[in-house]
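**Q** target.cif (mmCIF, C-alpha atoms) pasted underneath:
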```
data_model
#
loop_
_atom_site.label_atom_id
_atom_site.label_comp_id
_atom_site.auth_asym_id
_atom_site.auth_seq_id
_atom_site.Cartn_x
_atom_site.Cartn_y
_atom_site.Cartn_z
CA MET G 18 -15.88 -6.08 -80.35
CA SER G 19 -15.41 -9.59 -79.07
CA SER G 20 -16.68 -12.84 -80.44
CA THR G 21 -18.20 -13.78 -77.09
CA PRO G 22 -21.81 -14.74 -77.77
CA PRO G 23 -24.57 -13.28 -75.61
CA ILE G 24 -25.96 -15.52 -72.89
CA GLN G 25 -28.49 -17.86 -74.40
CA ALA G 26 -31.04 -17.14 -71.73
CA GLU G 27 -33.84 -19.12 -73.35
CA LEU G 28 -31.60 -22.15 -73.77
CA VAL G 29 -30.45 -21.97 -70.15
CA ARG G 30 -34.05 -21.68 -69.01
CA THR G 31 -35.04 -24.67 -71.11
CA LEU G 32 -32.20 -26.73 -69.70
CA ALA G 33 -33.01 -25.64 -66.16
CA GLN G 34 -36.63 -26.67 -66.68
CA LEU G 35 -35.45 -29.99 -68.04
CA LEU G 36 -33.27 -30.36 -64.96
CA ASP G 37 -36.31 -29.90 -62.74
CA ASP G 38 -38.53 -32.15 -64.84
CA THR G 39 -36.03 -34.98 -64.87
CA ASN G 40 -34.72 -34.42 -61.34
CA LEU G 41 -31.20 -34.74 -62.65
CA SER G 42 -28.42 -32.89 -60.85
CA GLU G 43 -26.64 -31.75 -63.98
CA ILE G 44 -27.15 -31.35 -67.72
CA GLU G 45 -24.51 -30.44 -70.24
CA TYR G 46 -25.37 -29.14 -73.70
CA ASP G 47 -22.64 -28.92 -76.30
CA THR G 48 -22.97 -27.76 -79.90
CA GLY G 49 -19.26 -27.66 -80.57
CA SER G 50 -19.08 -23.86 -80.54
CA LEU G 51 -21.20 -23.44 -77.45
CA ARG G 52 -21.21 -25.43 -74.27
CA ILE G 53 -23.62 -24.87 -71.42
CA ARG G 54 -23.80 -26.87 -68.24
CA VAL G 55 -26.58 -26.36 -65.73
CA ALA G 56 -26.13 -28.01 -62.37
CA ARG G 57 -27.91 -28.12 -59.07
CA GLN G 58 -25.71 -27.05 -56.17
CA GLY G 59 -27.52 -26.13 -53.00
CA GLY G 60 -30.44 -25.02 -55.11
CA ALA G 61 -28.42 -22.67 -57.29
CA ILE G 62 -28.24 -23.07 -61.02
CA HIS G 63 -25.01 -22.12 -62.70
CA HIS G 64 -24.26 -21.61 -66.32
CA TYR G 65 -20.85 -21.79 -67.85
CA ALA G 66 -19.20 -19.73 -70.52
CA PRO G 67 -18.32 -21.51 -73.69
CA VAL G 68 -14.75 -22.67 -73.85
CA ALA G 69 -12.71 -19.78 -75.18
CA PRO G 70 -10.88 -20.38 -78.42
CA ALA G 71 -7.15 -19.92 -78.55
CA ALA G 72 -6.01 -16.41 -77.69
CA PRO G 73 -6.61 -13.99 -80.51
CA ALA G 74 -3.47 -13.06 -82.39
CA VAL G 75 -4.32 -9.38 -82.10
CA PRO G 76 -5.77 -8.42 -78.73
CA ALA G 77 -8.66 -6.07 -79.29
CA ALA G 78 -11.10 -4.52 -76.86
CA PRO G 79 -11.48 -6.12 -73.45
CA VAL G 80 -13.47 -9.31 -73.68
CA ALA G 81 -16.79 -8.76 -72.00
CA GLN G 82 -17.57 -11.56 -69.63
CA PRO G 83 -21.24 -12.02 -68.91
CA ALA G 84 -22.13 -11.34 -65.29
CA GLY G 85 -22.59 -14.46 -63.25
CA VAL G 86 -20.24 -16.55 -65.36
CA ILE G 87 -18.26 -18.86 -63.18
CA HIS G 88 -15.16 -20.72 -64.06
CA HIS G 89 -14.98 -23.79 -66.17
CA GLU G 90 -13.99 -26.74 -64.03
CA ASP G 91 -11.18 -27.64 -66.38
CA ALA G 92 -9.55 -24.28 -65.74
CA ALA G 93 -8.54 -25.27 -62.21
CA ASN G 94 -6.44 -28.08 -63.62
CA HIS G 95 -4.94 -26.04 -66.42
CA PRO G 96 -1.15 -25.86 -65.99
CA GLY G 97 -1.26 -22.10 -66.60
CA ALA G 98 -3.99 -21.42 -64.05
CA VAL G 99 -3.36 -18.81 -61.37
CA THR G 100 -5.58 -19.72 -58.44
CA SER G 101 -6.85 -17.60 -55.58
CA PRO G 102 -4.82 -17.81 -52.36
CA MET G 103 -7.82 -16.63 -50.33
CA VAL G 104 -11.55 -16.05 -50.19
CA GLY G 105 -12.54 -12.53 -51.11
CA VAL G 106 -13.82 -10.29 -53.88
CA SER G 107 -11.90 -9.78 -57.11
CA TYR G 108 -11.19 -6.41 -58.73
CA MET G 109 -9.79 -6.05 -62.21
CA SER G 110 -8.55 -2.47 -61.79
CA PRO G 111 -6.77 -0.60 -58.96
CA GLU G 112 -9.86 1.51 -58.41
CA PRO G 113 -13.26 1.97 -60.06
CA GLY G 114 -12.95 3.61 -63.45
CA SER G 115 -9.20 3.14 -63.81
CA ALA G 116 -7.50 0.94 -66.40
CA ARG G 117 -7.68 -2.81 -65.90
CA PHE G 118 -4.52 -4.55 -64.78
CA ILE G 119 -4.76 -7.04 -67.65
CA ASP G 120 -6.89 -8.03 -70.61
CA VAL G 121 -6.98 -11.23 -72.60
CA GLY G 122 -4.02 -11.23 -74.95
CA ALA G 123 -1.82 -9.13 -72.69
CA VAL G 124 1.75 -10.27 -72.18
CA VAL G 125 2.70 -10.18 -68.51
CA ALA G 126 6.00 -10.46 -66.70
CA GLU G 127 6.60 -12.57 -63.63
CA GLY G 128 5.53 -10.61 -60.56
CA GLN G 129 3.19 -8.29 -62.44
CA THR G 130 -0.10 -7.55 -60.70
CA LEU G 131 -3.02 -9.31 -62.41
CA LEU G 132 -5.88 -8.29 -60.15
CA LEU G 133 -6.74 -7.50 -56.54
CA ILE G 134 -8.65 -9.63 -54.09
CA GLU G 135 -10.22 -7.84 -51.15
CA ALA G 136 -11.21 -9.42 -47.87
CA MET G 137 -12.12 -7.19 -44.93
CA LYS G 138 -10.49 -4.13 -46.49
CA THR G 139 -7.27 -6.03 -47.08
CA PHE G 140 -6.33 -5.60 -50.73
CA ASN G 141 -4.14 -8.46 -51.93
CA PRO G 142 -2.37 -7.98 -55.23
CA ILE G 143 -2.41 -11.27 -57.14
CA ARG G 144 0.83 -11.44 -59.08
CA ALA G 145 1.84 -13.46 -62.11
CA PRO G 146 3.82 -16.49 -60.91
CA ARG G 147 5.48 -16.58 -64.34
CA GLY G 148 5.65 -14.55 -67.50
CA GLY G 149 3.39 -15.30 -70.48
CA THR G 150 0.25 -14.34 -72.32
CA ILE G 151 -3.11 -14.00 -70.63
CA THR G 152 -5.36 -16.41 -72.48
CA ARG G 153 -8.35 -16.39 -70.16
CA ILE G 154 -9.71 -14.25 -67.35
CA LEU G 155 -12.11 -16.29 -65.29
CA VAL G 156 -13.37 -13.72 -62.79
CA THR G 157 -15.17 -10.40 -63.13
CA ASP G 158 -15.05 -7.13 -61.23
CA GLY G 159 -16.68 -7.40 -57.82
CA GLN G 160 -17.10 -11.17 -57.98
CA PRO G 161 -16.75 -13.30 -54.82
CA VAL G 162 -13.95 -15.85 -55.21
CA GLU G 163 -13.12 -18.93 -53.20
CA PHE G 164 -9.78 -20.30 -52.07
CA GLY G 165 -8.17 -22.24 -54.91
CA GLU G 166 -10.54 -20.87 -57.55
CA PRO G 167 -8.82 -20.29 -60.90
CA LEU G 168 -8.58 -16.58 -61.68
CA VAL G 169 -6.51 -16.24 -64.81
CA ILE G 170 -4.74 -18.52 -67.25
CA ILE G 171 -1.26 -17.57 -68.40
CA GLU G 172 0.23 -19.50 -71.31
CA MET V 10 4.20 15.17 -35.19
CA THR V 11 5.84 15.58 -31.82
CA GLY V 12 8.59 13.33 -30.65
CA ASP V 13 6.60 11.14 -28.29
CA ALA V 14 8.58 7.92 -28.08
CA LEU V 15 6.65 4.80 -28.86
CA PRO V 16 6.54 1.98 -26.34
CA ALA V 17 8.39 -1.25 -27.28
CA PRO V 18 8.22 -3.16 -29.59
CA TRP V 19 7.29 -0.30 -31.94
CA ARG V 20 9.91 1.65 -33.91
CA LEU V 21 8.75 4.96 -35.31
CA ILE V 22 9.84 6.53 -38.58
CA ALA V 23 8.28 9.99 -38.45
CA LEU V 24 8.11 11.84 -41.78
CA GLU V 25 6.89 15.28 -42.78
CA THR V 26 4.86 15.19 -46.01
CA VAL V 27 4.42 12.00 -48.02
CA GLY V 28 2.04 10.71 -50.70
CA SER V 29 0.75 8.08 -48.34
CA THR V 30 2.31 6.30 -45.39
CA ASN V 31 1.19 2.97 -46.91
CA ASP V 32 3.29 3.73 -49.99
CA GLU V 33 6.26 4.69 -47.80
CA ALA V 34 5.94 1.44 -45.85
CA LYS V 35 5.68 -0.57 -49.07
CA ARG V 36 8.80 1.17 -50.32
CA LEU V 37 10.70 0.12 -47.18
CA ILE V 38 9.58 -3.46 -47.81
CA ALA V 39 10.60 -3.33 -51.49
CA GLU V 40 14.02 -2.01 -50.46
CA GLY V 41 14.51 -4.84 -47.98
CA ARG V 42 14.38 -2.46 -45.01
CA ALA V 43 11.21 -3.75 -43.42
CA ALA V 44 11.02 -5.07 -39.87
CA ASP V 45 8.17 -6.27 -37.72
CA PHE V 46 6.56 -3.43 -35.69
CA VAL V 47 8.00 -0.57 -37.73
CA VAL V 48 5.58 2.37 -37.81
CA VAL V 49 5.74 5.01 -40.53
CA SER V 50 3.93 8.23 -39.67
CA ALA V 51 3.57 11.51 -41.53
CA ARG V 52 2.53 14.99 -40.57
CA GLU V 53 0.69 15.38 -43.87
CA GLN V 54 -0.40 13.10 -46.72
CA SER V 55 -0.82 14.46 -50.23
CA ALA V 56 -2.36 11.30 -51.72
CA GLY V 57 -4.00 9.38 -48.88
CA ARG V 58 -6.40 6.65 -49.92
CA GLY V 59 -9.42 4.87 -48.59
CA ARG V 60 -11.19 1.81 -49.91
CA ARG V 61 -11.34 1.42 -53.71
CA GLY V 62 -9.57 4.64 -54.59
CA ARG V 63 -11.49 6.97 -52.34
CA ALA V 64 -9.42 9.94 -51.21
CA TRP V 65 -8.46 10.37 -47.56
CA LEU V 66 -7.76 14.03 -46.83
CA GLY V 67 -4.28 14.48 -45.45
CA GLY V 68 -3.88 17.94 -43.95
CA ALA V 69 -1.81 18.45 -40.81
CA GLY V 70 -3.39 17.83 -37.43
CA ASN V 71 -4.68 14.31 -37.96
CA LEU V 72 -2.89 10.98 -37.54
CA TYR V 73 -1.58 9.20 -40.63
CA CYS V 74 0.43 6.07 -39.94
CA SER V 75 1.20 2.65 -41.36
CA PHE V 76 2.31 -0.41 -39.45
CA ILE V 77 4.62 -3.01 -40.96
CA LEU V 78 3.74 -6.41 -39.55
CA ALA V 79 5.11 -9.87 -40.29
CA VAL V 80 2.11 -12.03 -41.15
CA GLY V 81 3.68 -14.95 -43.02
CA ALA V 82 2.24 -16.44 -46.15
CA ASP V 83 -1.33 -16.88 -44.91
CA PHE V 84 -3.42 -14.39 -46.86
CA GLN V 85 -6.46 -14.99 -44.68
CA ALA V 86 -4.49 -14.15 -41.55
CA ALA V 87 -3.55 -10.77 -42.97
CA ALA V 88 -7.23 -9.82 -43.11
CA GLN V 89 -7.62 -10.73 -39.42
CA ALA V 90 -5.01 -8.12 -38.50
CA GLY V 91 -7.52 -5.38 -39.29
CA PHE V 92 -9.75 -6.63 -36.49
CA VAL V 93 -6.79 -6.82 -34.10
CA ALA V 94 -6.01 -3.18 -34.88
CA ALA V 95 -9.67 -2.13 -34.69
CA VAL V 96 -10.07 -3.62 -31.22
CA ALA V 97 -6.95 -1.83 -30.01
CA LEU V 98 -7.94 1.46 -31.66
CA VAL V 99 -11.43 1.43 -30.14
CA ASP V 100 -9.89 0.83 -26.70
CA ALA V 101 -7.24 3.52 -27.17
CA LEU V 102 -9.72 6.14 -28.39
CA ARG V 103 -12.21 5.30 -25.64
CA GLY V 104 -9.34 5.92 -23.24
CA LEU V 105 -8.68 9.35 -24.74
CA VAL V 106 -12.34 10.46 -24.84
CA PRO V 107 -14.15 8.31 -22.26
CA GLN V 108 -17.32 10.38 -22.55
CA ALA V 109 -17.78 9.56 -26.26
CA ALA V 110 -19.77 6.60 -27.61
CA ILE V 111 -17.02 4.90 -29.62
CA GLY V 112 -17.33 1.54 -31.33
CA GLY V 113 -16.29 -0.48 -34.34
CA LYS V 114 -18.05 -0.76 -37.69
CA TRP V 115 -17.31 -3.77 -39.87
CA PRO V 116 -14.72 -4.47 -40.88
CA ASN V 117 -12.32 -2.01 -39.27
CA ASP V 118 -13.72 1.52 -39.08
CA VAL V 119 -14.07 3.32 -35.77
CA LEU V 120 -17.14 5.52 -35.26
CA ALA V 121 -18.16 7.95 -32.55
CA GLY V 122 -21.84 8.84 -32.25
CA GLY V 123 -22.44 7.46 -35.72
CA ALA V 124 -19.71 9.53 -37.42
CA LYS V 125 -16.43 8.18 -38.75
CA LEU V 126 -13.47 8.83 -36.50
CA ALA V 127 -10.88 6.47 -37.96
CA GLY V 128 -10.36 4.15 -40.90
CA MET V 129 -7.89 1.55 -42.10
CA LEU V 130 -6.53 0.20 -45.35
CA LEU V 131 -4.52 -3.02 -45.40
CA GLU V 132 -2.11 -4.00 -48.14
CA PRO V 133 0.01 -7.16 -48.08
CA ALA V 134 3.38 -6.51 -49.66
CA GLY V 135 6.55 -8.40 -50.40
CA ALA V 136 6.96 -11.87 -48.94
CA GLY V 137 4.97 -12.17 -45.75
CA TRP V 138 4.56 -8.51 -44.83
CA LEU V 139 1.39 -6.60 -44.17
CA VAL V 140 1.10 -2.83 -44.37
CA LEU V 141 -1.72 -1.69 -42.10
CA GLY V 142 -2.58 1.95 -42.70
CA VAL V 143 -4.54 3.86 -40.08
CA GLY V 144 -6.00 7.33 -40.29
CA VAL V 145 -7.51 9.00 -37.22
CA ASN V 146 -9.30 12.35 -37.30
CA VAL V 147 -7.60 14.07 -34.38
CA ALA V 148 -7.85 17.85 -34.89
CA TRP V 149 -10.43 18.01 -37.67
CA ALA V 150 -12.83 15.99 -39.78
CA PRO V 151 -13.45 16.34 -43.50
CA PRO V 152 -16.38 18.68 -44.17
CA ALA V 153 -19.76 17.12 -44.85
CA HIS V 154 -19.85 18.04 -48.52
CA LEU V 155 -16.66 16.07 -49.20
CA VAL V 156 -17.66 12.80 -47.60
CA GLU V 157 -20.46 10.36 -48.27
CA ARG V 158 -21.17 9.85 -44.60
CA PRO V 159 -20.63 12.09 -41.56
CA ALA V 160 -17.21 12.25 -39.97
CA THR V 161 -16.05 13.58 -36.64
CA SER V 162 -12.77 14.20 -34.84
CA LEU V 163 -11.29 13.71 -31.40
CA ALA V 164 -11.19 17.51 -31.05
CA VAL V 165 -14.97 17.69 -31.56
CA LEU V 166 -15.28 15.02 -28.87
CA GLY V 167 -13.27 17.14 -26.43
CA TYR V 168 -9.72 15.84 -26.86
CA ASP V 169 -6.92 18.41 -27.11
CA GLY V 170 -3.85 16.19 -27.62
CA ASP V 171 -1.81 15.91 -30.82
CA PRO V 172 -1.47 13.04 -33.34
CA GLY V 173 1.74 11.80 -31.69
CA LYS V 174 -0.05 11.19 -28.41
CA VAL V 175 -2.88 9.38 -30.20
CA LEU V 176 -0.35 7.18 -31.98
CA ALA V 177 1.39 6.38 -28.68
CA ALA V 178 -1.92 5.45 -27.05
CA PHE V 179 -2.87 3.26 -30.01
CA CYS V 180 0.51 1.51 -30.03
CA ALA V 181 0.26 0.81 -26.31
CA ALA V 182 -3.07 -0.94 -26.87
CA PHE V 183 -2.09 -2.60 -30.17
CA ALA V 184 1.06 -4.46 -29.03
CA PRO V 185 -0.62 -6.70 -26.44
CA TRP V 186 -3.44 -7.52 -28.88
CA MET V 187 -0.88 -8.43 -31.57
CA GLU V 188 0.83 -10.72 -29.09
CA ARG V 189 -2.47 -12.32 -28.15
CA TRP V 190 -3.50 -12.80 -31.78
CA ARG V 191 -0.17 -14.41 -32.63
CA GLY V 192 -0.34 -16.65 -29.57
CA GLU V 193 -4.00 -17.62 -29.52
CA GLY V 194 -5.20 -17.00 -33.06
CA PHE V 195 -8.35 -15.22 -34.18
CA PRO V 196 -11.01 -16.46 -31.67
CA PRO V 197 -10.23 -14.01 -28.81
CA VAL V 198 -9.87 -11.15 -31.32
CA ARG V 199 -13.20 -12.03 -32.89
CA ARG V 200 -14.94 -12.04 -29.49
CA ALA V 201 -13.31 -8.75 -28.48
CA TRP V 202 -14.29 -7.11 -31.76
CA LEU V 203 -17.91 -8.29 -31.42
CA ASP V 204 -17.96 -6.81 -27.90
CA ARG V 205 -17.04 -3.44 -29.45
CA ALA V 206 -19.15 -3.72 -32.62
CA LEU V 207 -21.91 -1.27 -33.45
CA GLY V 208 -25.24 -2.51 -34.75
CA LEU V 209 -24.83 -6.17 -33.85
CA SER V 210 -28.10 -8.14 -34.22
CA GLY V 211 -29.71 -5.11 -35.82
CA PRO V 212 -30.70 -4.13 -39.36
CA VAL V 213 -27.91 -3.22 -41.73
CA ASP V 214 -27.40 -2.45 -45.41
CA VAL V 215 -24.30 -3.77 -47.13
CA ARG V 216 -23.28 -2.21 -50.42
CA LEU V 217 -21.31 -4.61 -52.58
CA ALA V 218 -19.58 -3.93 -55.87
CA ASN V 219 -22.71 -4.72 -57.88
CA GLU V 220 -25.66 -4.72 -55.46
CA THR V 221 -26.85 -3.62 -52.04
CA LEU V 222 -28.14 -6.18 -49.55
CA SER V 223 -30.32 -5.61 -46.51
CA GLY V 224 -30.60 -7.89 -43.54
CA THR V 225 -29.63 -8.46 -39.93
CA PHE V 226 -26.00 -8.13 -38.88
CA ALA V 227 -25.69 -11.54 -37.22
CA GLY V 228 -21.97 -11.40 -36.44
CA ILE V 229 -18.65 -12.32 -38.01
CA ASP V 230 -17.31 -15.76 -38.78
CA GLY V 231 -13.95 -17.36 -38.11
CA ASP V 232 -12.35 -15.42 -40.97
CA GLY V 233 -13.92 -12.09 -40.02
CA ALA V 234 -16.54 -12.18 -42.79
CA LEU V 235 -19.79 -10.39 -41.95
CA ILE V 236 -22.74 -12.74 -41.52
CA LEU V 237 -25.91 -11.22 -42.94
CA ASP V 238 -29.25 -12.88 -42.23
CA MET V 239 -31.60 -11.96 -45.02
CA ALA V 240 -35.34 -12.24 -45.55
CA GLY V 241 -36.47 -15.74 -46.44
CA GLY V 242 -33.78 -17.42 -44.38
CA GLU V 243 -30.92 -16.74 -46.78
CA VAL V 244 -27.59 -16.17 -45.04
CA ARG V 245 -24.87 -14.28 -46.88
CA ARG V 246 -21.20 -14.22 -45.96
CA ILE V 247 -19.79 -10.80 -46.85
CA LEU V 248 -16.05 -10.45 -47.46
CA ALA V 249 -15.96 -6.96 -48.89
CA GLY V 250 -18.44 -4.14 -48.90
CA ASP V 251 -19.60 -0.91 -47.31
CA VAL V 252 -21.80 -1.30 -44.25
CA PHE V 253 -24.53 1.21 -43.51
CA LEU V 254 -25.97 1.19 -40.01
CA PRO V 255 -29.35 2.83 -39.36
CA PRO V 256 -29.29 6.04 -37.29
CA ALA V 257 -31.24 4.28 -34.54
CA VAL V 258 -28.10 2.32 -33.64
CA PHE V 259 -26.45 5.48 -32.45
CA ARG V 260 -29.40 6.85 -30.52
CA HIS V 261 -29.37 3.76 -28.32
CA GLU V 262 -25.69 3.46 -27.73
CA ASP V 263 -25.54 5.67 -24.66
#
```
Can I see the file as structure tokens?
**A**
Amino acid sequence: MSSTPPIQAELVRTLAQLLDDTNLSEIEYDTGSLRIRVARQGGAIHHYAPVAPAAPAVPAAPVAQPAGVIHHEDAANHPGAVTSPMVGVSYMSPEPGSARFIDVGAVVAEGQTLLLIEAMKTFNPIRAPRGGTITRILVTDGQPVEFGEPLVIIE
Amino acid sequence: MTGDALPAPWRLIALETVGSTNDEAKRLIAEGRAADFVVVSAREQSAGRGRRGRAWLGGAGNLYCSFILAVGADFQAAAQAGFVAAVALVDALRGLVPQAAIGGKWPNDVLAGGAKLAGMLLEPAGAGWLVLGVGVNVAWAPPAHLVERPATSLAVLGYDGDPGKVLAAFCAAFAPWMERWRGEGFPPVRRAWLDRALGLSGPVDVRLANETLSGTFAGIDGDGALILDMAGGEVRRILAGDVFLPPAVFRHED
């Protein structure tokens, strides 16, 4: 299926322990193919997905994103980033069990629905501000999202 | 639906059978025919929806309607409109069946005696429009084996009017609350909704997409998010989920 590596739980735990031992607020670990950052934010420890390589030439099965992955900070500044206009919860399909709006590698047209964000039973379709290829999807189904958080990158 | 005229500023488009009134309203918007305070109603819906693809049964006798409202570009404001409508709907339905114990369940359901009486589904559409769909069980409620939680109807509660009269009563209550929300913002709506809320300060379960949380329903914040006080002092801000109130809430309400 995808080339996404499994979460390196032991490595994250080791880094988190190191964070506690050293009282640092943040540690980044980079092997070139894998990059993990653990940071202290209000007591929570986050881990980051490795930077995705360029979009695969042939889109295959949906790329599984490990639960709990949050966006890479650089994504917010990416020129192709589509950011959230609201706080809410993201959904990748119109309803549970139905086909996803998009997958990595999909070509989308301007105005096409990329995902839904729900807040208080208001379902906001998030539309592509421009046409292009989806190179990254930074949110998962049922994930809380903040205002301005990058959702998808279109290149 | 009978021809009860709606009080200003509402303009009614009454249809016979549609897929869903939300879809009809969105079609009006897509065709450039939308206007603030247009109401689309239908006698029957063949493909009514609830939250996350759940079906909403659409046989004749109940109220199916969608309101087109100008909300501007503020996505967060659109979500507040559900509370505006819920406050007005609670008041309108209490007026129709004063003997019933009617209140609001977060975010915008209306319950009577613990059973669902009305629900809403909100969909922003086009540039600055909100479609606010409302279903009210007037003549009948879906049978227990078809719904996850009990439902009731105005008829069960002793009301013998038709959906058109319910819509007129709702519109009469909704217009002044819309005006107030637009003039004063969310604070008075938030207070009014909390005054009508079921289960406030009591135990509640909230089912999210991937987990279920238990805690105390502490209120709603300035966006309308549910504030859940959990064991160990953790406070969660819930933006989307299904709220389950314990049966005890309803035994104490009258």
**Q** Mind dumping a table of every chain G residue within 8 Å of chain V, with the nearest atom pair and its distance in Å to one decimal, using all atoms listed in the file, sorted by chain and rising number, as a Markdown table?
**A**
```
| residue | atom | partner | partner_atom | distance |
| --- | --- | --- | --- | --- |
| G:Pro102 | CA | V:Phe84 | CA | 6.6 |
| G:Met103 | CA | V:Phe84 | CA | 6.0 |
| G:Val104 | CA | V:Gln85 | CA | 7.6 |
| G:Gly105 | CA | V:Leu248 | CA | 5.5 |
| G:Val106 | CA | V:Ala249 | CA | 6.4 |
| G:Pro111 | CA | V:Arg61 | CA | 7.2 |
| G:Glu112 | CA | V:Arg61 | CA | 4.9 |
| G:Pro113 | CA | V:Arg61 | CA | 6.7 |
| G:Glu135 | CA | V:Ala249 | CA | 6.2 |
| G:Ala136 | CA | V:Leu248 | CA | 5.0 |
| G:Met137 | CA | V:Ala249 | CA | 5.5 |
| G:Lys138 | CA | V:Leu130 | CA | 6.0 |
| G:Thr139 | CA | V:Leu131 | CA | 4.4 |
| G:Phe140 | CA | V:Glu132 | CA | 5.2 |
| G:Asn141 | CA | V:Pro133 | CA | 5.8 |
| G:Pro142 | CA | V:Pro133 | CA | 7.6 |
| G:Asp158 | CA | V:Ala218 | CA | 7.7 |
| G:Gly159 | CA | V:Ala218 | CA | 4.9 |
| G:Gln160 | CA | V:Ala218 | CA | 7.9 |
| G:Pro161 | CA | V:Leu248 | CA | 7.9 |
```
**Q** Save out the residues we just selected, C-alpha atoms, as an mmCIF file, in the frame of the given file.
**A**
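Output contents, as saved in again-v3.cif:
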```cif
data_model
loop_
_atom_site.group_PDB
_atom_site.id
_atom_site.type_symbol
_atom_site.label_atom_id
_atom_site.label_comp_id
_atom_site.auth_asym_id
_atom_site.auth_seq_id
_atom_site.Cartn_x
_atom_site.Cartn_y
_atom_site.Cartn_z
ATOM 1 C CA PRO G 102 -4.820 -17.810 -52.360
ATOM 2 C CA MET G 103 -7.820 -16.630 -50.330
ATOM 3 C CA VAL G 104 -11.550 -16.050 -50.190
ATOM 4 C CA GLY G 105 -12.540 -12.530 -51.110
ATOM 5 C CA VAL G 106 -13.820 -10.290 -53.880
ATOM 6 C CA PRO G 111 -6.770 -0.600 -58.960
ATOM 7 C CA GLU G 112 -9.860 1.510 -58.410
ATOM 8 C CA PRO G 113 -13.260 1.970 -60.060
ATOM 9 C CA GLU G 135 -10.220 -7.840 -51.150
ATOM 10 C CA ALA G 136 -11.210 -9.420 -47.870
ATOM 11 C CA MET G 137 -12.120 -7.190 -44.930
ATOM 12 C CA LYS G 138 -10.490 -4.130 -46.490
ATOM 13 C CA THR G 139 -7.270 -6.030 -47.080
ATOM 14 C CA PHE G 140 -6.330 -5.600 -50.730
ATOM 15 C CA ASN G 141 -4.140 -8.460 -51.930
ATOM 16 C CA PRO G 142 -2.370 -7.980 -55.230
ATOM 17 C CA ASP G 158 -15.050 -7.130 -61.230
ATOM 18 C CA GLY G 159 -16.680 -7.400 -57.820
ATOM 19 C CA GLN G 160 -17.100 -11.170 -57.980
ATOM 20 C CA PRO G 161 -16.750 -13.300 -54.820
#
```
**Q** Spell out the residues picked by the PyMOL selection byres ((chain G and resi 121) around 6) here, as a list in words.
**A**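 Written out, the selection comes to Asp120, Gly122, Ala123, Ile151, Thr152 and Arg153 of chain G.
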**Q** Select all residues near (0.0, -15.5, -66.2) (cut-off 7 Å, inclusive, file coordinates), counting all atoms listed in the file, and output them as a list in words.
**A**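 Neighbouring residues, ordered by chain and number, come to Gly97, Val99, Val125, Ala145, Pro146, Arg147, Gly148, Gly149, Thr150, Ile151, Val169, Ile170, Ile171 and Glu172 of chain G.
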**Q** If you measure from CA of Pro167 (chain G) to CA of Ala92 (chain G), what distance in Å do you get, rounded to one decimal?
**A**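 Computing the Euclidean distance for CA of Pro167 (chain G) and CA of Ala92 (chain G) yields 6.3 Å.
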**Q** Identify all residues satisfying the PyMOL selection byres ((chain V and resi 53) around 7) in the given file; provide them as a list in words.
**A**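 So the PyMOL selection byres ((chain V and resi 53) around 7), applied here, picks out Glu25, Thr26, Val27, Ala51, Arg52, Gln54, Ser55, Gly67, Gly68 and Ala69 of chain V.
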**Q** Keeping C-alpha atoms for every residue in the selection just given, could you write it to a file as a tab-separated table (two decimals), in the frame of the given file?
**A**
```tsv
chain	number	residue	atom	x	y	z
V	25	GLU	CA	6.89	15.28	-42.78
V	26	THR	CA	4.86	15.19	-46.01
V	27	VAL	CA	4.42	12.00	-48.02
V	51	ALA	CA	3.57	11.51	-41.53
V	52	ARG	CA	2.53	14.99	-40.57
V	54	GLN	CA	-0.40	13.10	-46.72
V	55	SER	CA	-0.82	14.46	-50.23
V	67	GLY	CA	-4.28	14.48	-45.45
V	68	GLY	CA	-3.88	17.94	-43.95
V	69	ALA	CA	-1.81	18.45	-40.81
```
**Q** Mind listing as a PyMOL selection string all residues within 10 Å of (-2.9, 0.9, -26.5), counting all atoms listed in the file?
**A** chain V and resi 16+94+96-102+104+175-186
**Q** What is the CA of Leu66 (chain V)-CA of Gly112 (chain V) distance in Å, reported with one decimal?
**A**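 A separation of 22.1 Å between them.
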**Q** Neighbours of Gly113 (chain V) within 7 Å (all atoms listed in the file; same-chain residues fewer than 5 positions away dropped), as a CSV table (one decimal) with C-alpha atoms, in the coordinates of the input?
**A**
```csv
chain,number,residue,atom,x,y,z
V,95,ALA,CA,-9.7,-2.1,-34.7
V,99,VAL,CA,-11.4,1.4,-30.1
V,118,ASP,CA,-13.7,1.5,-39.1
V,119,VAL,CA,-14.1,3.3,-35.8
V,120,LEU,CA,-17.1,5.5,-35.3
V,205,ARG,CA,-17.0,-3.4,-29.4
V,206,ALA,CA,-19.2,-3.7,-32.6
V,207,LEU,CA,-21.9,-1.3,-33.4
```
**Q** I'd like to see the residues matched by the PyMOL selection byres ((chain V and resi 161) around 9) on this file, and ideally I'd get them as a list of chain:residue names.
**A**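 Applied to this file, the PyMOL selection byres ((chain V and resi 161) around 9) selects V:Leu120, V:Ala121, V:Gly122, V:Gly123, V:Ala124, V:Lys125, V:Leu126, V:Ala127, V:Asn146, V:Val147, V:Trp149, V:Ala150, V:Pro151, V:Pro159, V:Ala160, V:Ser162, V:Leu163, V:Ala164, V:Val165, V:Leu166.
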